[in-house]
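Below: data_29.txt (compact mmCIF, C-alpha atoms)
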# COMPACT_ATOMS: atom_id res chain seq x y z
CA MET A 1 0.00 0.00 0.00
CA ASN A 2 1.24 3.47 -0.71
CA SER A 3 0.54 6.59 1.26
CA ALA A 4 -2.61 7.29 -0.74
CA GLY A 5 -4.14 3.99 0.32
CA GLN A 6 -4.06 2.46 -3.15
CA GLY A 7 -3.52 -1.28 -3.18
CA TYR A 8 -0.67 -2.52 -5.33
CA ALA A 9 -0.73 -5.78 -7.28
CA ALA A 10 -2.46 -8.71 -5.64
CA SER A 11 -3.25 -6.71 -2.54
CA PRO A 12 -5.50 -8.70 -0.16
CA VAL A 13 -7.53 -5.49 0.24
CA VAL A 14 -9.26 -6.15 -3.08
CA ALA A 15 -9.46 -9.93 -2.80
CA THR A 16 -12.47 -11.32 -4.60
CA GLY A 17 -13.56 -14.90 -4.94
CA THR A 18 -10.20 -16.29 -3.90
CA SER A 19 -8.94 -17.36 -0.49
CA ALA A 20 -6.61 -15.18 1.56
CA LYS A 21 -3.98 -17.86 1.07
CA THR A 22 -4.21 -17.62 -2.73
CA GLU A 23 -4.04 -13.83 -2.53
CA ALA A 24 -0.92 -14.11 -0.36
CA TRP A 25 0.69 -16.45 -2.90
CA LEU A 26 -0.17 -14.05 -5.72
CA TRP A 27 1.42 -11.23 -3.72
CA ILE A 28 4.59 -13.31 -3.22
CA ALA A 29 4.65 -14.36 -6.90
CA GLN A 30 4.31 -10.70 -7.93
CA ARG A 31 7.28 -9.64 -5.78
CA ALA A 32 9.45 -12.65 -6.65
CA SER A 33 8.86 -12.15 -10.38
CA ALA A 34 9.51 -8.41 -9.93
CA ALA A 35 12.92 -9.13 -8.38
CA LEU A 36 13.79 -11.44 -11.29
CA LEU A 37 12.43 -8.95 -13.82
CA ALA A 38 14.54 -6.15 -12.33
CA LEU A 39 17.63 -8.04 -13.45
CA CYS A 40 16.13 -9.10 -16.80
CA VAL A 41 14.89 -5.59 -17.69
CA LEU A 42 18.28 -4.10 -16.79
CA VAL A 43 20.01 -6.56 -19.15
CA HIS A 44 17.31 -5.90 -21.77
CA LEU A 45 17.73 -2.10 -21.58
CA VAL A 46 21.51 -2.36 -21.87
CA THR A 47 21.11 -4.75 -24.83
CA ILE A 48 18.59 -2.41 -26.53
CA ILE A 49 20.90 0.61 -26.23
CA TYR A 50 23.93 -1.45 -27.32
CA ALA A 51 21.99 -2.88 -30.30
CA VAL A 52 20.74 0.52 -31.44
CA ARG A 53 24.23 2.06 -31.16
CA HIS A 54 25.78 -0.75 -33.22
CA GLY A 55 23.27 -0.73 -36.06
CA LEU A 56 19.94 -2.49 -35.76
CA SER A 57 19.41 -5.20 -38.39
CA GLY A 58 18.05 -8.71 -38.70
CA ALA A 59 21.59 -10.03 -39.12
CA ALA A 60 22.81 -8.20 -35.99
CA ILE A 61 19.91 -9.49 -33.86
CA LEU A 62 20.13 -13.08 -35.09
CA GLY A 63 23.94 -12.95 -34.92
CA ARG A 64 23.59 -12.57 -31.15
CA THR A 65 20.74 -14.96 -30.50
CA GLN A 66 20.93 -17.68 -33.17
CA GLY A 67 22.07 -20.98 -31.64
CA ASN A 68 23.10 -19.21 -28.45
CA PRO A 69 21.78 -21.27 -25.49
CA ALA A 70 22.69 -18.53 -22.97
CA TRP A 71 20.38 -16.00 -24.67
CA LEU A 72 17.66 -18.65 -25.07
CA ALA A 73 17.86 -19.46 -21.34
CA PHE A 74 17.82 -15.76 -20.47
CA TYR A 75 14.81 -14.94 -22.68
CA SER A 76 12.93 -18.06 -21.50
CA LEU A 77 13.38 -16.98 -17.89
CA TYR A 78 12.43 -13.41 -18.84
CA VAL A 79 9.24 -14.63 -20.55
CA LEU A 80 8.34 -16.81 -17.57
CA ALA A 81 8.75 -13.87 -15.17
CA ILE A 82 6.64 -11.65 -17.46
CA ALA A 83 3.91 -14.31 -17.72
CA VAL A 84 3.68 -14.32 -13.91
CA HIS A 85 4.12 -10.58 -13.28
CA ALA A 86 1.99 -8.85 -15.93
CA PRO A 87 -1.26 -10.83 -15.43
CA ILE A 88 -1.18 -10.38 -11.63
CA GLY A 89 -0.69 -6.64 -12.10
CA LEU A 90 -3.52 -6.46 -14.64
CA ARG A 91 -5.73 -8.44 -12.25
CA THR A 92 -5.35 -5.74 -9.59
CA LEU A 93 -5.99 -3.04 -12.18
CA CYS A 94 -9.19 -4.80 -13.35
CA GLN A 95 -10.38 -5.11 -9.76
CA GLU A 96 -9.66 -1.54 -8.72
CA TRP A 97 -10.39 0.43 -11.88
CA LEU A 98 -12.97 -1.69 -13.70
CA GLY A 99 -14.69 -3.21 -10.68
CA TRP A 100 -14.26 -6.63 -12.27
CA ARG A 101 -14.28 -8.87 -9.22
CA SER A 102 -16.03 -12.04 -10.34
CA ALA A 103 -14.42 -15.46 -10.74
CA SER A 104 -14.27 -14.89 -14.50
CA LEU A 105 -11.45 -12.42 -13.88
CA ASN A 106 -9.27 -15.21 -12.48
CA TRP A 107 -9.90 -17.38 -15.55
CA PHE A 108 -9.09 -14.45 -17.81
CA ILE A 109 -5.83 -13.85 -15.94
CA VAL A 110 -4.81 -17.52 -16.12
CA ALA A 111 -5.53 -17.57 -19.87
CA LEU A 112 -3.54 -14.36 -20.30
CA ALA A 113 -0.58 -15.80 -18.37
CA LEU A 114 -0.58 -18.95 -20.52
CA ALA A 115 -0.89 -16.97 -23.76
CA LEU A 116 1.98 -14.64 -22.80
CA PHE A 117 4.16 -17.60 -21.84
CA VAL A 118 3.50 -19.57 -25.05
CA PHE A 119 3.70 -16.55 -27.37
CA GLY A 120 6.82 -15.24 -25.61
CA LEU A 121 8.56 -18.59 -25.71
CA ARG A 122 7.74 -18.84 -29.43
CA ALA A 123 9.49 -15.48 -29.94
CA ALA A 124 12.54 -16.60 -27.94
CA LEU A 125 12.71 -19.83 -29.95
CA ALA A 126 12.23 -17.96 -33.24
CA VAL A 127 15.39 -15.87 -32.79
CA PHE A 128 17.28 -18.93 -31.49
CA LEU A 129 16.36 -21.44 -34.18
CA VAL A 130 16.17 -19.55 -37.46
CA MET B 1 -14.01 15.04 -2.69
CA LYS B 2 -11.52 17.33 -0.98
CA ASN B 3 -9.74 14.52 0.88
CA ASP B 4 -9.56 12.45 -2.26
CA TYR B 5 -7.95 15.31 -4.15
CA ARG B 6 -5.40 16.03 -1.42
CA SER B 7 -4.35 12.39 -1.13
CA ARG B 8 -3.76 12.31 -4.87
CA ASN B 9 -1.86 15.56 -5.16
CA HIS B 10 1.26 13.91 -3.78
CA PRO B 11 4.47 12.61 -5.42
CA ALA B 12 3.84 9.06 -4.13
CA TRP B 13 0.41 8.99 -5.80
CA TRP B 14 1.92 10.15 -9.09
CA ALA B 15 4.54 7.42 -8.70
CA PHE B 16 1.71 4.90 -8.24
CA LEU B 17 -0.07 6.22 -11.35
CA VAL B 18 3.10 6.13 -13.49
CA HIS B 19 3.82 2.58 -12.31
CA ARG B 20 0.31 1.39 -13.11
CA LEU B 21 -0.04 3.13 -16.48
CA SER B 22 3.45 2.08 -17.60
CA GLY B 23 2.63 -1.51 -16.60
CA LEU B 24 -0.61 -1.33 -18.61
CA ALA B 25 1.11 0.14 -21.68
CA LEU B 26 3.90 -2.46 -21.54
CA SER B 27 1.34 -5.27 -21.22
CA ILE B 28 -0.47 -4.00 -24.32
CA PHE B 29 2.83 -3.73 -26.22
CA LEU B 30 4.07 -7.24 -25.29
CA PRO B 31 1.94 -9.27 -27.74
CA PHE B 32 3.10 -7.01 -30.62
CA HIS B 33 6.72 -7.38 -29.50
CA PHE B 34 6.42 -11.16 -29.34
CA TRP B 35 4.70 -11.23 -32.72
CA ALA B 36 7.45 -9.11 -34.29
CA LEU B 37 10.21 -11.35 -32.92
CA GLY B 38 8.26 -14.42 -34.01
CA GLN B 39 8.53 -13.12 -37.57
CA ALA B 40 12.15 -14.33 -37.45
CA LEU B 41 10.69 -17.77 -38.13
CA GLN B 42 10.16 -16.52 -41.70
CA GLY B 43 13.83 -15.58 -42.02
CA GLU B 44 16.20 -12.67 -41.58
CA ALA B 45 14.74 -10.73 -44.52
CA ARG B 46 11.35 -10.56 -42.81
CA LEU B 47 12.97 -9.09 -39.68
CA ASP B 48 14.73 -6.50 -41.83
CA THR B 49 11.41 -5.52 -43.42
CA LEU B 50 9.95 -4.94 -39.95
CA LEU B 51 13.02 -3.00 -38.81
CA ARG B 52 12.75 -0.74 -41.86
CA TRP B 53 9.14 -0.04 -40.91
CA THR B 54 10.31 1.07 -37.43
CA GLU B 55 12.53 3.75 -38.98
CA GLN B 56 9.54 6.08 -39.39
CA PRO B 57 9.78 9.10 -37.05
CA LEU B 58 6.48 8.36 -35.32
CA VAL B 59 7.47 4.73 -34.66
CA LYS B 60 10.86 5.89 -33.37
CA PHE B 61 9.08 8.28 -31.02
CA ALA B 62 6.81 5.46 -29.81
CA GLU B 63 9.85 3.24 -29.26
CA THR B 64 11.54 5.94 -27.19
CA MET B 65 8.38 6.30 -25.10
CA LEU B 66 8.30 2.51 -24.58
CA VAL B 67 11.94 2.46 -23.43
CA LEU B 68 11.13 5.34 -21.07
CA LEU B 69 8.07 3.47 -19.73
CA LEU B 70 10.07 0.25 -19.30
CA ALA B 71 12.80 2.12 -17.41
CA ALA B 72 10.18 3.95 -15.32
CA HIS B 73 8.44 0.67 -14.46
CA LEU B 74 11.81 -0.84 -13.50
CA THR B 75 12.96 2.02 -11.29
CA GLY B 76 9.48 2.52 -9.80
CA GLY B 77 9.33 -1.21 -9.08
CA LEU B 78 12.76 -1.20 -7.43
CA ARG B 79 11.55 1.69 -5.26
CA LEU B 80 8.50 -0.34 -4.21
CA LEU B 81 10.61 -3.42 -3.41
CA ALA B 82 12.97 -1.27 -1.34
CA LEU B 83 10.04 0.30 0.55
CA GLU B 84 8.38 -3.06 1.18
CA PHE B 85 11.34 -5.27 2.00
CA LEU B 86 14.11 -3.08 3.41
CA PRO B 87 14.00 -1.55 6.87
CA TRP B 88 12.78 2.04 6.70
CA ARG B 89 15.60 4.56 6.30
CA GLY B 90 15.62 8.29 5.63
CA TRP B 91 17.30 7.91 2.23
CA GLN B 92 14.26 6.04 0.91
CA LYS B 93 12.43 9.37 0.79
CA SER B 94 14.66 10.42 -2.12
CA LEU B 95 14.09 7.11 -3.97
CA LEU B 96 11.33 8.73 -6.01
CA ALA B 97 13.68 11.33 -7.42
CA TRP B 98 16.33 8.68 -8.11
CA ALA B 99 13.77 6.46 -9.86
CA ALA B 100 12.56 9.31 -12.08
CA GLY B 101 16.10 10.42 -12.86
CA ALA B 102 17.35 6.94 -13.76
CA ALA B 103 14.31 6.30 -16.00
CA LEU B 104 14.84 9.59 -17.83
CA ALA B 105 18.55 8.80 -18.26
CA ALA B 106 17.69 5.41 -19.85
CA GLY B 107 15.14 7.03 -22.18
CA LEU B 108 17.66 9.68 -23.17
CA ALA B 109 20.42 7.11 -23.75
CA PHE B 110 18.09 5.28 -26.14
CA ALA B 111 16.92 8.45 -27.91
CA LEU B 112 20.52 9.64 -28.41
CA ALA B 113 21.64 6.22 -29.68
CA LEU B 114 18.93 6.15 -32.37

Let's see the structure in the file written out as structure tokens.
Amino acid sequence: MNSAGQGYAASPVVATGTSAKTEAWLWIAQRASAALLALCVLVHLVTIIYAVRHGLSGAAILGRTQGNPAWLAFYSLYVLAIAVHAPIGLRTLCQEWLGWRSASLNWFIVALALALFVFGLRAALAVFLV
Amino acid sequence: MKNDYRSRNHPAWWAFLVHRLSGLALSIFLPFHFWALGQALQGEARLDTLLRWTEQPLVKFAETMLVLLLAAHLTGGLRLLALEFLPWRGWQKSLLAWAAGAALAAGLAFALAL
């Protein structure tokens, strides 16, 4: 909670249809994925600025990622953390700003997490395999 | 309401709003980002076609805004983690300024590298 009394992601204050235990786990998952993402986003930002400075092209991108297991592992972990973090954050936003508090929200969030994970992993594999 | 207004006219509330809106914008952008990278499955030439499209001034501006939002979400998130998990210290009051400054620096570094 911040000083204005707004609940942040997965705050038990806006719990709807789920047990306090589940809300607590969502809160922990949000923070754990945030800590992992802090590292991933930092690496990503440095890579973006490096890539732009050294000429952005298909060859330059694939030259880094193609057949490189270290980048594949990094992006897979990054995608996993995103698939956990973004849907939990959007869940809180839907609850607080849209008033969407029914069980359907949880199904929507689970579907979103799965879609982000599969679609993100496909992207990571695409720049690794081709 | 008066109270409502006063509680929102505060740097911490603006930090909350920036964190939430940047998170929303990044979530909307993600599927497009994944789709674009997935185009690599069709070969390097396809990626080059997409990269050429991004050379338009408006797209470049949008990219800079996205880098700024990503940096802002990162620094704002680090501030939240520090507030929630570290023992309270006086220096945490200036975290907001540090977070904003670092995010702007990252956005500028990207814009100048373009």

Tell me which residues come within 10 Å of (5.2, 8.2, -9.3), as a PyMOL selection string, counting all atoms listed in the file in the file's coordinates. chain B and resi 10-20+72-73+76+79+96-97+99-100

Serialized selection, C-alpha atoms, as an mmCIF file, keeping the file's coordinate frame:
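Final output, saved to again04.cif:
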data_model
loop_
_atom_site.group_PDB
_atom_site.id
_atom_site.type_symbol
_atom_site.label_atom_id
_atom_site.label_comp_id
_atom_site.auth_asym_id
_atom_site.auth_seq_id
_atom_site.Cartn_x
_atom_site.Cartn_y
_atom_site.Cartn_z
ATOM 1 C CA HIS B 10 1.260 13.910 -3.780
ATOM 2 C CA PRO B 11 4.470 12.610 -5.420
ATOM 3 C CA ALA B 12 3.840 9.060 -4.130
ATOM 4 C CA TRP B 13 0.410 8.990 -5.800
ATOM 5 C CA TRP B 14 1.920 10.150 -9.090
ATOM 6 C CA ALA B 15 4.540 7.420 -8.700
ATOM 7 C CA PHE B 16 1.710 4.900 -8.240
ATOM 8 C CA LEU B 17 -0.070 6.220 -11.350
ATOM 9 C CA VAL B 18 3.100 6.130 -13.490
ATOM 10 C CA HIS B 19 3.820 2.580 -12.310
ATOM 11 C CA ARG B 20 0.310 1.390 -13.110
ATOM 12 C CA ALA B 72 10.180 3.950 -15.320
ATOM 13 C CA HIS B 73 8.440 0.670 -14.460
ATOM 14 C CA GLY B 76 9.480 2.520 -9.800
ATOM 15 C CA ARG B 79 11.550 1.690 -5.260
ATOM 16 C CA LEU B 96 11.330 8.730 -6.010
ATOM 17 C CA ALA B 97 13.680 11.330 -7.420
ATOM 18 C CA ALA B 99 13.770 6.460 -9.860
ATOM 19 C CA ALA B 100 12.560 9.310 -12.080
#

9 Å contact set for Arg122 (chain A), all atoms listed in the file, chain neighbours under 5 positions out, as a PDB file with C-alpha atoms, in the frame of the given file:
ATOM      1  CA  PHE A 117       4.160 -17.600 -21.840  1.00  0.00           C
ATOM      2  CA  VAL A 127      15.390 -15.870 -32.790  1.00  0.00           C
TER       3      VAL A 127
ATOM      4  CA  PHE B  34       6.420 -11.160 -29.340  1.00  0.00           C
ATOM      5  CA  TRP B  35       4.700 -11.230 -32.720  1.00  0.00           C
ATOM      6  CA  LEU B  37      10.210 -11.350 -32.920  1.00  0.00           C
ATOM      7  CA  GLY B  38       8.260 -14.420 -34.010  1.00  0.00           C
TER       8      GLY B  38
END

Expected answer as a PyMOL selection string: chain A residues within 7 Å of chain B, only C-alpha atoms: chain A and resi 3-4+38+49+52-53+57-59+86+119-120+122-123+126-127+130

Please enclose the listed atoms of region 31-42 of chain B in an axis-aligned box, pad each side by 6 Å, and write out the centre and the three edge lengths in Å, rounded to one decimal, as lines of an AutoDock Vina configuration file.
center_x = 7.0
center_y = -12.4
center_z = -34.7
size_x = 22.2
size_y = 22.8
size_z = 26.0

For a test of reading the model, state the distance in Å between CA of Ala115 (chain A) and CA of Glu55 (chain B), rounded to one decimal.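 Answer for the CA of Ala115 (chain A) to CA of Glu55 (chain B) separation: 29.0 Å.
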
Around (13.1, -14.9, -12.3) in the file's own coordinates, what residues are found within 7 Å if you use all atoms listed in the file, given back as a list in words?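 Residues with an atom at most 7 Å from (13.1, -14.9, -12.3): Ser33, Ala35, Leu36, Leu37, Leu77, Tyr78 and Ala81 of chain A.
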
For the structure just given, write the atoms of region 38-73 of chain A, namely N, CA and C atoms, as a PDB file, in the first residue's frame.
ATOM      1  N   ALA A  38      13.645  -7.304 -12.494  1.00  0.00           N
ATOM      2  CA  ALA A  38      14.537  -6.148 -12.326  1.00  0.00           C
ATOM      3  C   ALA A  38      15.864  -6.438 -13.026  1.00  0.00           C
ATOM      4  N   LEU A  39      16.362  -7.636 -12.826  1.00  0.00           N
ATOM      5  CA  LEU A  39      17.628  -8.036 -13.447  1.00  0.00           C
ATOM      6  C   LEU A  39      17.460  -8.182 -14.968  1.00  0.00           C
ATOM      7  N   CYS A  40      16.373  -8.863 -15.367  1.00  0.00           N
ATOM      8  CA  CYS A  40      16.127  -9.096 -16.802  1.00  0.00           C
ATOM      9  C   CYS A  40      15.951  -7.782 -17.563  1.00  0.00           C
ATOM     10  N   VAL A  41      15.169  -6.864 -16.994  1.00  0.00           N
ATOM     11  CA  VAL A  41      14.893  -5.593 -17.688  1.00  0.00           C
ATOM     12  C   VAL A  41      16.172  -4.769 -17.799  1.00  0.00           C
ATOM     13  N   LEU A  42      17.003  -4.824 -16.752  1.00  0.00           N
ATOM     14  CA  LEU A  42      18.277  -4.101 -16.791  1.00  0.00           C
ATOM     15  C   LEU A  42      19.134  -4.629 -17.947  1.00  0.00           C
ATOM     16  N   VAL A  43      19.245  -5.947 -18.050  1.00  0.00           N
ATOM     17  CA  VAL A  43      20.013  -6.560 -19.147  1.00  0.00           C
ATOM     18  C   VAL A  43      19.379  -6.179 -20.487  1.00  0.00           C
ATOM     19  N   HIS A  44      18.040  -6.206 -20.534  1.00  0.00           N
ATOM     20  CA  HIS A  44      17.308  -5.896 -21.767  1.00  0.00           C
ATOM     21  C   HIS A  44      17.564  -4.450 -22.206  1.00  0.00           C
ATOM     22  N   LEU A  45      17.511  -3.519 -21.250  1.00  0.00           N
ATOM     23  CA  LEU A  45      17.727  -2.103 -21.576  1.00  0.00           C
ATOM     24  C   LEU A  45      19.148  -1.868 -22.087  1.00  0.00           C
ATOM     25  N   VAL A  46      20.118  -2.507 -21.426  1.00  0.00           N
ATOM     26  CA  VAL A  46      21.509  -2.364 -21.865  1.00  0.00           C
ATOM     27  C   VAL A  46      21.667  -2.949 -23.270  1.00  0.00           C
ATOM     28  N   THR A  47      21.044  -4.112 -23.508  1.00  0.00           N
ATOM     29  CA  THR A  47      21.112  -4.751 -24.834  1.00  0.00           C
ATOM     30  C   THR A  47      20.469  -3.867 -25.898  1.00  0.00           C
ATOM     31  N   ILE A  48      19.305  -3.274 -25.572  1.00  0.00           N
ATOM     32  CA  ILE A  48      18.592  -2.408 -26.528  1.00  0.00           C
ATOM     33  C   ILE A  48      19.498  -1.241 -26.939  1.00  0.00           C
ATOM     34  N   ILE A  49      20.074  -0.567 -25.939  1.00  0.00           N
ATOM     35  CA  ILE A  49      20.896   0.612 -26.234  1.00  0.00           C
ATOM     36  C   ILE A  49      22.162   0.198 -26.996  1.00  0.00           C
ATOM     37  N   TYR A  50      22.754  -0.935 -26.605  1.00  0.00           N
ATOM     38  CA  TYR A  50      23.931  -1.454 -27.322  1.00  0.00           C
ATOM     39  C   TYR A  50      23.557  -1.771 -28.779  1.00  0.00           C
ATOM     40  N   ALA A  51      22.417  -2.460 -28.953  1.00  0.00           N
ATOM     41  CA  ALA A  51      21.992  -2.884 -30.297  1.00  0.00           C
ATOM     42  C   ALA A  51      21.729  -1.681 -31.197  1.00  0.00           C
ATOM     43  N   VAL A  52      21.069  -0.661 -30.644  1.00  0.00           N
ATOM     44  CA  VAL A  52      20.743   0.520 -31.440  1.00  0.00           C
ATOM     45  C   VAL A  52      22.019   1.281 -31.827  1.00  0.00           C
ATOM     46  N   ARG A  53      22.970   1.345 -30.894  1.00  0.00           N
ATOM     47  CA  ARG A  53      24.232   2.062 -31.164  1.00  0.00           C
ATOM     48  C   ARG A  53      25.079   1.361 -32.223  1.00  0.00           C
ATOM     49  N   HIS A  54      24.940   0.019 -32.307  1.00  0.00           N
ATOM     50  CA  HIS A  54      25.781  -0.745 -33.223  1.00  0.00           C
ATOM     51  C   HIS A  54      25.055  -1.157 -34.502  1.00  0.00           C
ATOM     52  N   GLY A  55      23.975  -0.459 -34.813  1.00  0.00           N
ATOM     53  CA  GLY A  55      23.273  -0.730 -36.065  1.00  0.00           C
ATOM     54  C   GLY A  55      22.283  -1.876 -35.915  1.00  0.00           C
ATOM     55  N   LEU A  56      20.996  -1.500 -35.955  1.00  0.00           N
ATOM     56  CA  LEU A  56      19.935  -2.489 -35.764  1.00  0.00           C
ATOM     57  C   LEU A  56      19.599  -3.144 -37.105  1.00  0.00           C
ATOM     58  N   SER A  57      19.776  -4.472 -37.171  1.00  0.00           N
ATOM     59  CA  SER A  57      19.405  -5.197 -38.391  1.00  0.00           C
ATOM     60  C   SER A  57      19.066  -6.633 -38.019  1.00  0.00           C
ATOM     61  N   GLY A  58      18.391  -7.304 -38.929  1.00  0.00           N
ATOM     62  CA  GLY A  58      18.047  -8.710 -38.701  1.00  0.00           C
ATOM     63  C   GLY A  58      19.302  -9.527 -38.452  1.00  0.00           C
ATOM     64  N   ALA A  59      20.331  -9.273 -39.244  1.00  0.00           N
ATOM     65  CA  ALA A  59      21.586 -10.026 -39.118  1.00  0.00           C
ATOM     66  C   ALA A  59      22.229  -9.789 -37.748  1.00  0.00           C
ATOM     67  N   ALA A  60      22.186  -8.532 -37.286  1.00  0.00           N
ATOM     68  CA  ALA A  60      22.808  -8.204 -35.990  1.00  0.00           C
ATOM     69  C   ALA A  60      22.062  -8.885 -34.846  1.00  0.00           C
ATOM     70  N   ILE A  61      20.715  -8.865 -34.927  1.00  0.00           N
ATOM     71  CA  ILE A  61      19.906  -9.492 -33.864  1.00  0.00           C
ATOM     72  C   ILE A  61      20.155 -10.998 -33.845  1.00  0.00           C
ATOM     73  N   LEU A  62      19.996 -11.615 -35.025  1.00  0.00           N
ATOM     74  CA  LEU A  62      20.132 -13.076 -35.091  1.00  0.00           C
ATOM     75  C   LEU A  62      21.578 -13.516 -34.838  1.00  0.00           C
ATOM     76  N   GLY A  63      22.531 -12.639 -35.176  1.00  0.00           N
ATOM     77  CA  GLY A  63      23.939 -12.949 -34.915  1.00  0.00           C
ATOM     78  C   GLY A  63      24.201 -13.153 -33.429  1.00  0.00           C
ATOM     79  N   ARG A  64      23.437 -12.418 -32.603  1.00  0.00           N
ATOM     80  CA  ARG A  64      23.587 -12.566 -31.145  1.00  0.00           C
ATOM     81  C   ARG A  64      22.847 -13.786 -30.630  1.00  0.00           C
ATOM     82  N   THR A  65      21.643 -13.982 -31.138  1.00  0.00           N
ATOM     83  CA  THR A  65      20.744 -14.955 -30.503  1.00  0.00           C
ATOM     84  C   THR A  65      20.766 -16.353 -31.132  1.00  0.00           C
ATOM     85  N   GLN A  66      21.027 -16.414 -32.436  1.00  0.00           N
ATOM     86  CA  GLN A  66      20.928 -17.681 -33.174  1.00  0.00           C
ATOM     87  C   GLN A  66      21.861 -18.746 -32.585  1.00  0.00           C
ATOM     88  N   GLY A  67      21.279 -19.861 -32.159  1.00  0.00           N
ATOM     89  CA  GLY A  67      22.072 -20.982 -31.641  1.00  0.00           C
ATOM     90  C   GLY A  67      22.812 -20.677 -30.353  1.00  0.00           C
ATOM     91  N   ASN A  68      22.422 -19.578 -29.702  1.00  0.00           N
ATOM     92  CA  ASN A  68      23.097 -19.214 -28.448  1.00  0.00           C
ATOM     93  C   ASN A  68      22.235 -19.643 -27.251  1.00  0.00           C
ATOM     94  N   PRO A  69      22.618 -20.744 -26.579  1.00  0.00           N
ATOM     95  CA  PRO A  69      21.783 -21.270 -25.488  1.00  0.00           C
ATOM     96  C   PRO A  69      21.681 -20.303 -24.302  1.00  0.00           C
ATOM     97  N   ALA A  70      22.721 -19.472 -24.105  1.00  0.00           N
ATOM     98  CA  ALA A  70      22.693 -18.533 -22.972  1.00  0.00           C
ATOM     99  C   ALA A  70      21.566 -17.506 -23.166  1.00  0.00           C
ATOM    100  N   TRP A  71      21.456 -16.965 -24.411  1.00  0.00           N
ATOM    101  CA  TRP A  71      20.376 -16.000 -24.675  1.00  0.00           C
ATOM    102  C   TRP A  71      19.011 -16.678 -24.620  1.00  0.00           C
ATOM    103  N   LEU A  72      18.939 -17.924 -25.123  1.00  0.00           N
ATOM    104  CA  LEU A  72      17.655 -18.648 -25.072  1.00  0.00           C
ATOM    105  C   LEU A  72      17.221 -18.856 -23.617  1.00  0.00           C
ATOM    106  N   ALA A  73      18.180 -19.253 -22.766  1.00  0.00           N
ATOM    107  CA  ALA A  73      17.865 -19.465 -21.340  1.00  0.00           C
ATOM    108  C   ALA A  73      17.431 -18.147 -20.708  1.00  0.00           C
TER     109      ALA A  73
END
